[in-house]
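Structure data follow from upload.cif (mmCIF, C-alpha atoms):
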data_model
loop_
_atom_site.label_atom_id
_atom_site.label_comp_id
_atom_site.auth_asym_id
_atom_site.auth_seq_id
_atom_site.Cartn_x
_atom_site.Cartn_y
_atom_site.Cartn_z
CA MET A 42 0.28 -20.82 -4.98
CA SER A 43 -0.41 -17.13 -4.28
CA ASN A 44 -1.36 -16.50 -7.91
CA TRP A 45 -3.75 -19.45 -7.86
CA LEU A 46 -5.36 -18.21 -4.65
CA GLU A 47 -5.92 -14.73 -6.05
CA ARG A 48 -7.62 -16.15 -9.14
CA ALA A 49 -9.73 -18.52 -7.03
CA TRP A 50 -10.82 -15.70 -4.72
CA GLN A 51 -12.13 -13.77 -7.72
CA GLN A 52 -13.33 -16.54 -10.03
CA GLY A 53 -14.24 -19.28 -7.56
CA SER A 54 -12.97 -22.83 -7.04
CA LEU A 55 -14.33 -25.81 -5.13
CA LEU A 56 -10.79 -26.51 -3.94
CA LEU A 57 -11.06 -23.49 -1.64
CA TRP A 58 -13.27 -25.53 0.68
CA VAL A 59 -10.20 -27.59 1.60
CA LEU A 60 -9.07 -24.45 3.42
CA ALA A 61 -12.32 -24.07 5.39
CA PRO A 62 -10.89 -25.38 8.72
CA PHE A 63 -8.07 -22.83 8.55
CA THR A 64 -10.57 -20.05 7.79
CA LEU A 65 -12.65 -21.07 10.80
CA LEU A 66 -9.55 -21.00 13.00
CA PHE A 67 -8.62 -17.56 11.63
CA ILE A 68 -12.13 -16.23 12.37
CA VAL A 69 -12.06 -17.55 15.93
CA ILE A 70 -8.59 -16.21 16.77
CA SER A 71 -9.09 -12.78 15.18
CA GLY A 72 -12.57 -12.47 16.69
CA LEU A 73 -11.34 -13.30 20.19
CA ARG A 74 -8.53 -10.80 19.82
CA ARG A 75 -10.84 -7.97 18.80
CA TRP A 76 -13.31 -8.90 21.56
CA ALA A 77 -10.49 -8.74 24.12
CA TYR A 78 -9.66 -5.20 23.04
CA SER A 79 -13.32 -4.13 23.04
CA MET A 80 -13.75 -5.49 26.60
CA GLY A 81 -10.56 -3.89 27.86
CA LEU A 82 -8.80 -7.19 28.52
CA LEU A 83 -6.13 -6.05 26.08
CA LYS A 84 -5.24 -2.37 26.17
CA SER A 85 -4.81 0.01 23.28
CA VAL A 86 -2.13 2.68 23.60
CA THR A 87 -3.28 6.28 23.11
CA LEU A 88 -0.55 8.49 21.70
CA PRO A 89 -0.22 12.22 22.52
CA VAL A 90 -1.11 13.18 18.93
CA PRO A 91 -4.03 11.98 16.79
CA VAL A 92 -3.47 8.88 14.63
CA ILE A 93 -5.10 8.32 11.24
CA VAL A 94 -5.01 4.67 10.14
CA VAL A 95 -5.10 4.01 6.39
CA GLY A 96 -5.93 0.34 5.99
CA ASN A 97 -7.93 -2.24 4.09
CA LEU A 98 -10.04 -5.30 4.73
CA SER A 99 -8.49 -7.49 2.04
CA VAL A 100 -4.97 -8.59 1.25
CA GLY A 101 -3.19 -7.36 -1.85
CA GLY A 102 -2.60 -3.88 -3.20
CA ASN A 103 -5.64 -1.64 -2.83
CA GLY A 104 -3.93 1.74 -3.23
CA LYS A 105 -3.08 2.70 0.35
CA THR A 106 0.25 4.33 -0.44
CA PRO A 107 -1.18 6.91 -2.90
CA VAL A 108 -3.78 7.74 -0.26
CA VAL A 109 -1.06 8.28 2.36
CA LEU A 110 0.77 10.59 -0.04
CA TYR A 111 -2.47 12.49 -0.68
CA LEU A 112 -3.15 12.87 3.06
CA ILE A 113 0.36 14.14 3.72
CA GLU A 114 -0.15 16.93 1.20
CA LEU A 115 -3.67 17.69 2.45
CA LEU A 116 -2.64 17.91 6.11
CA GLN A 117 0.50 19.90 5.40
CA ALA A 118 -1.66 22.42 3.53
CA GLN A 119 -3.55 22.85 6.83
CA GLY A 120 -0.29 23.64 8.61
CA LYS A 121 0.03 20.20 10.23
CA ARG A 122 3.39 18.60 10.91
CA VAL A 123 2.86 15.07 9.63
CA GLY A 124 4.74 11.91 10.56
CA VAL A 125 4.21 8.40 9.16
CA ILE A 126 4.57 4.92 10.63
CA SER A 127 4.34 1.55 8.89
CA ARG A 128 5.15 -2.08 9.45
CA GLY A 129 8.01 -1.94 6.95
CA TYR A 130 6.84 -5.05 5.13
CA GLY A 131 9.62 -6.60 3.05
CA GLY A 132 12.34 -4.91 5.11
CA GLU A 133 15.11 -7.15 6.41
CA ALA A 134 16.51 -5.05 9.26
CA ASP A 135 18.01 -7.00 12.16
CA ASN A 136 16.30 -4.80 14.74
CA TRP A 137 13.16 -2.68 14.90
CA PRO A 138 11.94 0.02 14.78
CA GLN A 139 13.93 1.64 11.98
CA TRP A 140 14.14 5.29 10.98
CA VAL A 141 13.53 5.90 7.28
CA ALA A 142 15.61 8.47 5.42
CA SER A 143 15.48 9.28 1.71
CA ASP A 144 18.62 7.20 1.14
CA THR A 145 17.73 4.28 3.42
CA PRO A 146 17.89 1.06 1.38
CA ALA A 147 14.46 -0.34 0.55
CA ALA A 148 15.82 -3.80 1.38
CA LEU A 149 16.25 -2.62 4.99
CA VAL A 150 12.89 -0.91 5.64
CA GLY A 151 10.60 -1.90 2.73
CA ASP A 152 9.84 -0.34 -0.63
CA GLU A 153 6.72 1.65 0.30
CA PRO A 154 8.33 3.52 3.25
CA ARG A 155 11.31 4.41 1.05
CA LEU A 156 8.89 5.70 -1.62
CA ILE A 157 6.90 7.81 0.87
CA VAL A 158 9.97 9.51 2.34
CA GLN A 159 11.65 9.95 -1.04
CA ARG A 160 8.52 11.62 -2.44
CA THR A 161 7.55 13.79 0.57
CA GLY A 162 10.49 14.09 2.97
CA VAL A 163 8.24 13.50 6.01
CA PRO A 164 9.67 11.91 9.17
CA MET A 165 8.92 8.19 9.21
CA ALA A 166 9.62 5.17 11.39
CA VAL A 167 8.74 1.55 10.66
CA GLY A 168 8.49 -1.72 12.55
CA PRO A 169 6.15 -4.61 13.31
CA ASP A 170 5.34 -2.93 16.65
CA ARG A 171 3.53 0.24 15.54
CA ILE A 172 3.66 1.68 19.07
CA ALA A 173 7.47 1.42 19.17
CA ALA A 174 7.65 2.98 15.69
CA ALA A 175 5.38 5.84 16.80
CA GLN A 176 7.47 6.43 19.92
CA MET A 177 10.63 6.66 17.82
CA LEU A 178 8.84 9.13 15.55
CA LEU A 179 7.76 11.31 18.47
CA GLU A 180 11.26 11.22 20.00
CA ARG A 181 13.02 12.30 16.81
CA ALA A 182 10.56 14.71 15.21
CA GLU A 183 7.92 17.27 16.12
CA VAL A 184 4.62 16.06 14.67
CA ASP A 185 1.00 17.11 15.11
CA VAL A 186 -0.57 14.04 13.51
CA ILE A 187 0.59 10.51 12.67
CA LEU A 188 -0.48 8.57 9.59
CA SER A 189 -0.32 4.79 9.92
CA ASP A 190 0.21 3.14 6.54
CA ASP A 191 -1.80 -0.03 7.10
CA GLY A 192 -2.50 -1.24 10.64
CA LEU A 193 -6.31 -1.36 10.65
CA GLN A 194 -6.14 -4.70 12.47
CA HIS A 195 -3.31 -3.54 14.79
CA TYR A 196 -5.74 -2.76 17.62
CA ARG A 197 -3.04 -2.06 20.15
CA LEU A 198 -2.50 1.21 18.27
CA GLY A 199 -5.14 3.71 19.41
CA ARG A 200 -6.51 5.79 16.55
CA LYS A 201 -8.55 8.93 15.99
CA VAL A 202 -9.67 8.16 12.43
CA GLU A 203 -10.00 4.85 10.56
CA LEU A 204 -9.90 5.04 6.78
CA VAL A 205 -10.36 1.99 4.54
CA VAL A 206 -9.28 1.77 0.89
CA VAL A 207 -11.29 -0.61 -1.30
CA ASP A 208 -10.20 -1.86 -4.73
CA GLY A 209 -13.12 -0.74 -6.88
CA GLU A 210 -12.55 -3.49 -9.45
CA ARG A 211 -11.90 -6.54 -7.27
CA ARG A 212 -13.93 -5.33 -4.28
CA PHE A 213 -13.94 -8.18 -1.71
CA GLY A 214 -13.54 -11.20 -3.99
CA ASN A 215 -15.68 -14.13 -2.88
CA GLY A 216 -16.40 -12.47 0.47
CA TYR A 217 -14.69 -15.17 2.57
CA ARG A 218 -12.06 -14.68 5.25
CA LEU A 219 -8.46 -15.84 4.88
CA PRO A 220 -7.35 -18.22 3.47
CA MET A 221 -10.61 -19.20 1.70
CA GLY A 222 -10.99 -15.59 0.60
CA PRO A 223 -9.02 -12.33 0.65
CA LEU A 224 -10.62 -10.76 3.74
CA ARG A 225 -8.80 -10.04 6.99
CA GLU A 226 -12.06 -8.82 8.54
CA PRO A 227 -15.71 -9.16 7.46
CA VAL A 228 -17.25 -6.60 5.12
CA SER A 229 -19.50 -5.53 8.02
CA ARG A 230 -16.39 -3.90 9.54
CA LEU A 231 -16.89 -1.02 7.09
CA ALA A 232 -19.85 0.14 9.17
CA SER A 233 -17.54 1.03 12.06
CA VAL A 234 -14.81 2.92 10.17
CA ASP A 235 -14.88 6.67 9.57
CA LEU A 236 -14.26 6.91 5.82
CA VAL A 237 -14.24 4.45 2.91
CA ILE A 238 -12.36 5.22 -0.32
CA CYS A 239 -13.12 3.34 -3.53
CA ASN A 240 -10.01 3.15 -5.71
CA GLY A 241 -11.23 2.94 -9.32
CA GLY A 242 -14.40 1.20 -10.43
CA THR A 243 -17.76 2.48 -9.24
CA ALA A 244 -18.05 3.76 -5.69
CA LYS A 245 -20.90 2.38 -3.58
CA PRO A 246 -23.19 4.68 -1.54
CA GLY A 247 -21.22 6.17 1.34
CA GLU A 248 -17.85 5.64 -0.36
CA TYR A 249 -15.58 8.38 -1.70
CA SER A 250 -14.38 7.82 -5.26
CA MET A 251 -10.64 7.97 -5.96
CA GLN A 252 -8.78 7.88 -9.24
CA LEU A 253 -5.04 7.48 -9.75
CA GLN A 254 -3.74 10.24 -12.03
CA PRO A 255 -0.53 9.49 -13.96
CA LEU A 256 2.35 11.93 -13.65
CA PRO A 257 5.14 12.42 -16.23
CA LEU A 258 7.40 9.41 -16.76
CA ARG A 259 10.78 9.66 -15.05
CA ALA A 260 14.12 7.89 -15.45
CA VAL A 261 14.76 5.29 -12.74
CA ASP A 262 18.39 6.39 -12.36
CA GLY A 263 17.26 9.88 -11.28
CA SER A 264 18.52 11.68 -14.37
CA ASP A 265 16.43 14.10 -16.43
CA ARG A 266 16.62 11.83 -19.48
CA ALA A 267 13.51 12.13 -21.67
CA PHE A 268 11.30 9.14 -22.39
CA ASP A 269 11.56 7.92 -26.00
CA ALA A 270 8.03 7.10 -27.17
CA ASP A 271 9.32 5.43 -30.35
CA ARG A 272 10.96 2.51 -28.55
CA ASP A 273 9.10 -0.70 -27.76
CA ILE A 274 8.03 -1.00 -24.11
CA VAL A 275 8.35 -3.93 -21.74
CA ALA A 276 6.23 -3.32 -18.62
CA MET A 277 6.90 -4.90 -15.22
CA ALA A 278 5.22 -4.57 -11.83
CA GLY A 279 5.86 -6.09 -8.42
CA ILE A 280 2.76 -4.74 -6.66
CA GLY A 281 -0.32 -6.27 -5.08
CA HIS A 282 -2.29 -6.28 -8.34
CA PRO A 283 0.01 -5.88 -11.39
CA PRO A 284 -2.81 -5.87 -14.00
CA ARG A 285 -3.94 -2.48 -12.69
CA PHE A 286 -0.60 -0.99 -13.69
CA PHE A 287 -0.58 -2.64 -17.10
CA THR A 288 -4.11 -1.40 -17.82
CA SER A 289 -3.19 2.13 -16.76
CA LEU A 290 -0.37 2.16 -19.32
CA GLU A 291 -2.74 1.06 -22.09
CA ASN A 292 -5.22 3.75 -21.07
CA GLN A 293 -2.48 6.32 -21.70
CA GLY A 294 -1.68 4.92 -25.12
CA LEU A 295 1.47 3.18 -23.91
CA MET A 296 1.13 -0.30 -25.42
CA PRO A 297 3.73 -2.72 -23.99
CA VAL A 298 4.95 -5.53 -26.22
CA ARG A 299 5.26 -7.65 -23.07
CA CYS A 300 3.94 -7.38 -19.49
CA VAL A 301 5.88 -9.14 -16.71
CA PRO A 302 4.22 -9.47 -13.28
CA PHE A 303 6.27 -10.11 -10.13
CA ASP A 304 5.21 -10.89 -6.58
CA ASP A 305 4.47 -7.92 -4.34
CA HIS A 306 7.67 -6.56 -2.71
CA HIS A 307 9.84 -8.70 -5.00
CA PRO A 308 13.60 -8.22 -4.31
CA TYR A 309 14.92 -7.38 -7.78
CA THR A 310 18.45 -8.06 -8.97
CA ALA A 311 20.30 -6.32 -11.79
CA PRO A 312 20.83 -9.47 -13.93
CA GLU A 313 17.17 -10.42 -13.55
CA LEU A 314 15.90 -7.13 -14.96
CA ARG A 315 18.56 -6.68 -17.61
CA GLN A 316 17.32 -9.88 -19.21
CA LEU A 317 13.87 -8.36 -19.70
CA THR A 318 14.87 -5.69 -22.21
CA PRO A 319 17.19 -5.86 -25.19
CA ALA A 320 18.94 -2.58 -26.07
CA ALA A 321 16.12 -1.49 -28.39
CA GLU A 322 13.40 -1.70 -25.73
CA THR A 323 12.41 0.45 -22.76
CA LEU A 324 11.64 -1.09 -19.36
CA LEU A 325 8.71 0.65 -17.68
CA MET A 326 7.86 0.05 -14.01
CA THR A 327 5.96 1.47 -11.04
CA GLU A 328 7.48 4.01 -8.67
CA LYS A 329 7.36 1.38 -5.94
CA ASP A 330 9.58 -0.86 -8.08
CA ALA A 331 11.86 2.02 -9.03
CA VAL A 332 12.97 2.76 -5.45
CA LYS A 333 14.53 -0.72 -5.34
CA CYS A 334 16.21 -0.48 -8.74
CA ARG A 335 17.85 2.94 -8.81
CA ALA A 336 21.27 1.69 -7.70
CA PHE A 337 21.64 -0.53 -10.78
CA ALA A 338 19.25 1.20 -13.20
CA GLN A 339 20.00 1.24 -16.91
CA PRO A 340 19.51 4.33 -19.12
CA ASN A 341 16.44 2.77 -20.77
CA TRP A 342 14.54 2.17 -17.50
CA PHE A 343 11.64 4.50 -16.61
CA TYR A 344 8.88 4.57 -14.03
CA LEU A 345 5.37 6.02 -13.84
CA PRO A 346 4.54 8.07 -10.72
CA VAL A 347 0.86 8.42 -9.85
CA ALA A 348 -1.12 10.75 -7.61
CA ALA A 349 -4.45 10.09 -5.91
CA SER A 350 -7.35 12.34 -6.87
CA LEU A 351 -10.15 12.74 -4.30
CA SER A 352 -13.05 15.15 -3.92
CA LYS A 353 -13.32 18.25 -1.76
CA ASP A 354 -16.13 16.44 0.07
CA PHE A 355 -13.61 13.83 1.21
CA ASP A 356 -11.16 16.53 2.32
CA GLY A 357 -13.86 18.22 4.37
CA ALA A 358 -15.05 14.97 5.95
CA LEU A 359 -11.54 13.96 7.00
CA LEU A 360 -10.59 17.35 8.41
CA SER A 361 -13.91 17.55 10.26
CA ARG A 362 -13.31 14.20 11.98
CA LEU A 363 -9.81 15.26 12.90
CA LYS A 364 -11.14 18.39 14.59
CA GLU A 365 -13.88 16.62 16.57
#
Translate this structure into structure tokens?
Amino acid sequence: MSNWLERAWQQGSLLLWVLAPFTLLFIVISGLRRWAYSMGLLKSVTLPVPVIVVGNLSVGGNGKTPVVLYLIELLQAQGKRVGVISRGYGGEADNWPQWVASDTPAALVGDEPRLIVQRTGVPMAVGPDRIAAAQMLLERAEVDVILSDDGLQHYRLGRKVELVVVDGERRFGNGYRLPMGPLREPVSRLASVDLVICNGGTAKPGEYSMQLQPLPLRAVDGSDRAFDADRDIVAMAGIGHPPRFFTSLENQGLMPVRCVPFDDHHPYTAPELRQLTPAAETLLMTEKDAVKCRAFAQPNWFYLPVAASLSKDFDGALLSRLKE
């Protein structure tokens, strides 16, 4: 069903109009909620340190996590002590919020938080209640600024800077709100945010262009084993938009003999993945997938880390807003 919806949002389908009553209900409820916050009927919580929200308007992977990693490095270079909060989507903890350490199981707190902490070592707390997660972060660590991975529509969380990441290829699909289209909020919401990043594709006026730069391939099991370019490759991806990963491999001259998409945040099992690659083939995955597979990784499993590349103009604009 989710795969059909994604195709319909991009390519169109008359069947989407069956969902029109649900879209109308979504618009009314979300609109009333935002109006209540704007009128002060519902209160936002202002934290003692500035909050930068990295979010999106549409569902599906738009590239927020690479942006968060980029911002961590940028802010640390300015001498800032950075902490991160997130919902912890996909995590199955019995209670929230949860503290994220480099060895915390992804099944407990979600794959993206595990990736962020494993890559950067920053203090991080996750939970559906972003305020509770931020309070845990402030109690356990000394931070000067908090990055919220997602949470643009979590209006209870007061924020200093709003940053939206747009998929430069898919943009906003058919332009409709959920579930008729991929949008959580209307495109007009972009006019009220501080910065808009276009991930791939062609940036529109007022947007900052971002490209994902591939880093050297690494073994999923954490060893320093070298990648064997002579073996056939089977590619897999359990992210918001798997074709982006498969295309990036082809752009690097890595031509998979088979590409296997999974649902975003898919809970992998060892038998499931071992069936994908005979002994003569290499399994290649994203870093987000790899954090969930290290415990049972095979010697022929590798992953591709990526890093966001943004302009100095973006850096200056963000730091300027943070200082205002």
**Q.** Proximity to Gly242 (chain A) - best of A:Gln159, A:Asn103, A:Thr310, A:Ser43, all atoms listed in the file
**A.**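 Selected residue with least distance to Gly242 (chain A): A:Asn103.
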Margin query: I'd like the contact shell of Val69 (chain A) - 12 Å cut-off, all atoms listed in the file, skipping same-chain residues fewer than 6 positions apart - returned as a list in words.
Written below: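 My reading of the contact set: Pro62, Phe63, Arg75, Trp76, Arg218, Leu219 and Glu226 of chain A.
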(Q) At a cut-off of 9 Å, using all atoms listed in the file, what residues contact Phe303 (chain A)? Leave out same-chain residues fewer than 3 positions from it and give the result as a VMD selection string. (A) chain A and resid 277 to 280 283 306 to 307
Next item on the list: Any chance you could resolve the PyMOL selection byres ((chain A and resi 327) around 9) against this file and give the residues as a ChimeraX atom specification?
Entry: /A:276-280,286,325-326,328-331,343-347
Considering only C-alpha atoms, can you say which of A:Leu360, A:Ala349, A:Leu324, A:Leu57 comes closest to Ser250 (chain A)?
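Of A:Leu360, A:Ala349, A:Leu324, A:Leu57, the one nearest Ser250 (chain A) is A:Ala349, counting only C-alpha atoms.
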Task: Shortest interatomic distance to Leu149 (chain A) - which of A:Arg74, A:Leu110, A:Glu313, A:Lys333, counting only C-alpha atoms - done: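 Answer, going by the shortest atom-to-atom distance: A:Lys333.
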Requested in this report: Apply the PyMOL selection byres ((chain A and resi 138) around 8) to the structure shown and report the selected residues as a PyMOL selection string.
Outcome: chain A and resi 136-137+139-140+166-170+173-174+177
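Of the residues under consideration (A:Val207, A:Ala61, A:Leu66, A:Met80), A:Val207 shows the shortest atom-to-atom contact distance to Ser99 (chain A) when counting all atoms listed in the file.
Among the candidates A:Val234, A:Tyr217, A:Gly281, A:Gln254, the residue lying nearest to Gly53 (chain A) is A:Tyr217 (atoms considered: all atoms listed in the file).
By all atoms listed in the file, and with residues fewer than 6 positions from Arg122 (chain A) along its chain excluded, the set lying at most 12 Å from it is Val90, Pro91, Leu112, Ile113, Glu114, Leu115, Leu116, Gly162, Val163, Pro164, Met165, Leu178, Leu179, Ala182, Glu183, Val184, Asp185, Val186, Ile187 and Leu188 of chain A.
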Just the selected residues (C-alpha atoms), exported as a compact mmCIF listing (two decimals), keeping the file's coordinate frame, please.
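Output saved as result_10.txt:
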# COMPACT_ATOMS: atom_id res chain seq x y z
CA VAL A 90 -1.11 13.18 18.93
CA PRO A 91 -4.03 11.98 16.79
CA LEU A 112 -3.15 12.87 3.06
CA ILE A 113 0.36 14.14 3.72
CA GLU A 114 -0.15 16.93 1.20
CA LEU A 115 -3.67 17.69 2.45
CA LEU A 116 -2.64 17.91 6.11
CA GLY A 162 10.49 14.09 2.97
CA VAL A 163 8.24 13.50 6.01
CA PRO A 164 9.67 11.91 9.17
CA MET A 165 8.92 8.19 9.21
CA LEU A 178 8.84 9.13 15.55
CA LEU A 179 7.76 11.31 18.47
CA ALA A 182 10.56 14.71 15.21
CA GLU A 183 7.92 17.27 16.12
CA VAL A 184 4.62 16.06 14.67
CA ASP A 185 1.00 17.11 15.11
CA VAL A 186 -0.57 14.04 13.51
CA ILE A 187 0.59 10.51 12.67
CA LEU A 188 -0.48 8.57 9.59
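When all atoms listed in the file are used to measure the gap to Gln194 (chain A), the shortest distance among A:Val59, A:Ile238, A:Leu224, A:Ala134 belongs to A:Leu224.
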Select region 277-291 of chain A in the preceding structure and write N, CA, C and O atoms to a file as a compact mmCIF listing (two decimals), in the first residue's frame.
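Wrote it out as selection_30.txt, contents follow:
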# COMPACT_ATOMS: atom_id res chain seq x y z
N MET A 277 21.06 -3.08 -1.41
CA MET A 277 19.81 -3.05 -0.65
C MET A 277 19.71 -1.71 0.07
O MET A 277 20.73 -1.08 0.38
N ALA A 278 18.49 -1.28 0.33
CA ALA A 278 18.29 -0.02 1.05
C ALA A 278 16.93 -0.01 1.70
O ALA A 278 15.91 -0.27 1.07
N GLY A 279 16.92 0.28 3.00
CA GLY A 279 15.68 0.45 3.75
C GLY A 279 15.58 1.89 4.22
O GLY A 279 15.66 2.17 5.42
N ILE A 280 15.46 2.82 3.26
CA ILE A 280 15.39 4.25 3.56
C ILE A 280 14.11 4.82 2.95
O ILE A 280 13.35 4.10 2.31
N GLY A 281 13.89 6.11 3.11
CA GLY A 281 12.66 6.70 2.63
C GLY A 281 12.50 6.64 1.12
O GLY A 281 11.39 6.53 0.62
N HIS A 282 13.62 6.70 0.39
CA HIS A 282 13.56 6.67 -1.08
C HIS A 282 14.74 5.83 -1.60
O HIS A 282 15.76 6.38 -2.02
N PRO A 283 14.61 4.50 -1.59
CA PRO A 283 15.73 3.63 -1.99
C PRO A 283 16.33 3.92 -3.36
O PRO A 283 17.55 3.78 -3.52
N PRO A 284 15.55 4.31 -4.39
CA PRO A 284 16.16 4.57 -5.69
C PRO A 284 17.29 5.60 -5.66
O PRO A 284 18.21 5.54 -6.48
N ARG A 285 17.24 6.55 -4.71
CA ARG A 285 18.32 7.52 -4.63
C ARG A 285 19.65 6.83 -4.34
O ARG A 285 20.69 7.18 -4.90
N PHE A 286 19.62 5.85 -3.44
CA PHE A 286 20.83 5.13 -3.10
C PHE A 286 21.33 4.30 -4.28
O PHE A 286 22.52 4.31 -4.61
N PHE A 287 20.42 3.61 -4.95
CA PHE A 287 20.82 2.78 -6.08
C PHE A 287 21.41 3.63 -7.20
O PHE A 287 22.41 3.25 -7.82
N THR A 288 20.84 4.79 -7.45
CA THR A 288 21.37 5.69 -8.48
C THR A 288 22.75 6.21 -8.10
O THR A 288 23.64 6.34 -8.96
N SER A 289 22.94 6.50 -6.81
CA SER A 289 24.25 7.01 -6.37
C SER A 289 25.34 5.97 -6.59
O SER A 289 26.48 6.32 -6.92
N LEU A 290 25.02 4.69 -6.42
CA LEU A 290 26.01 3.64 -6.68
C LEU A 290 26.39 3.61 -8.15
O LEU A 290 27.57 3.53 -8.51
N GLU A 291 25.38 3.70 -9.02
CA GLU A 291 25.65 3.68 -10.46
C GLU A 291 26.47 4.89 -10.88
O GLU A 291 27.34 4.78 -11.75
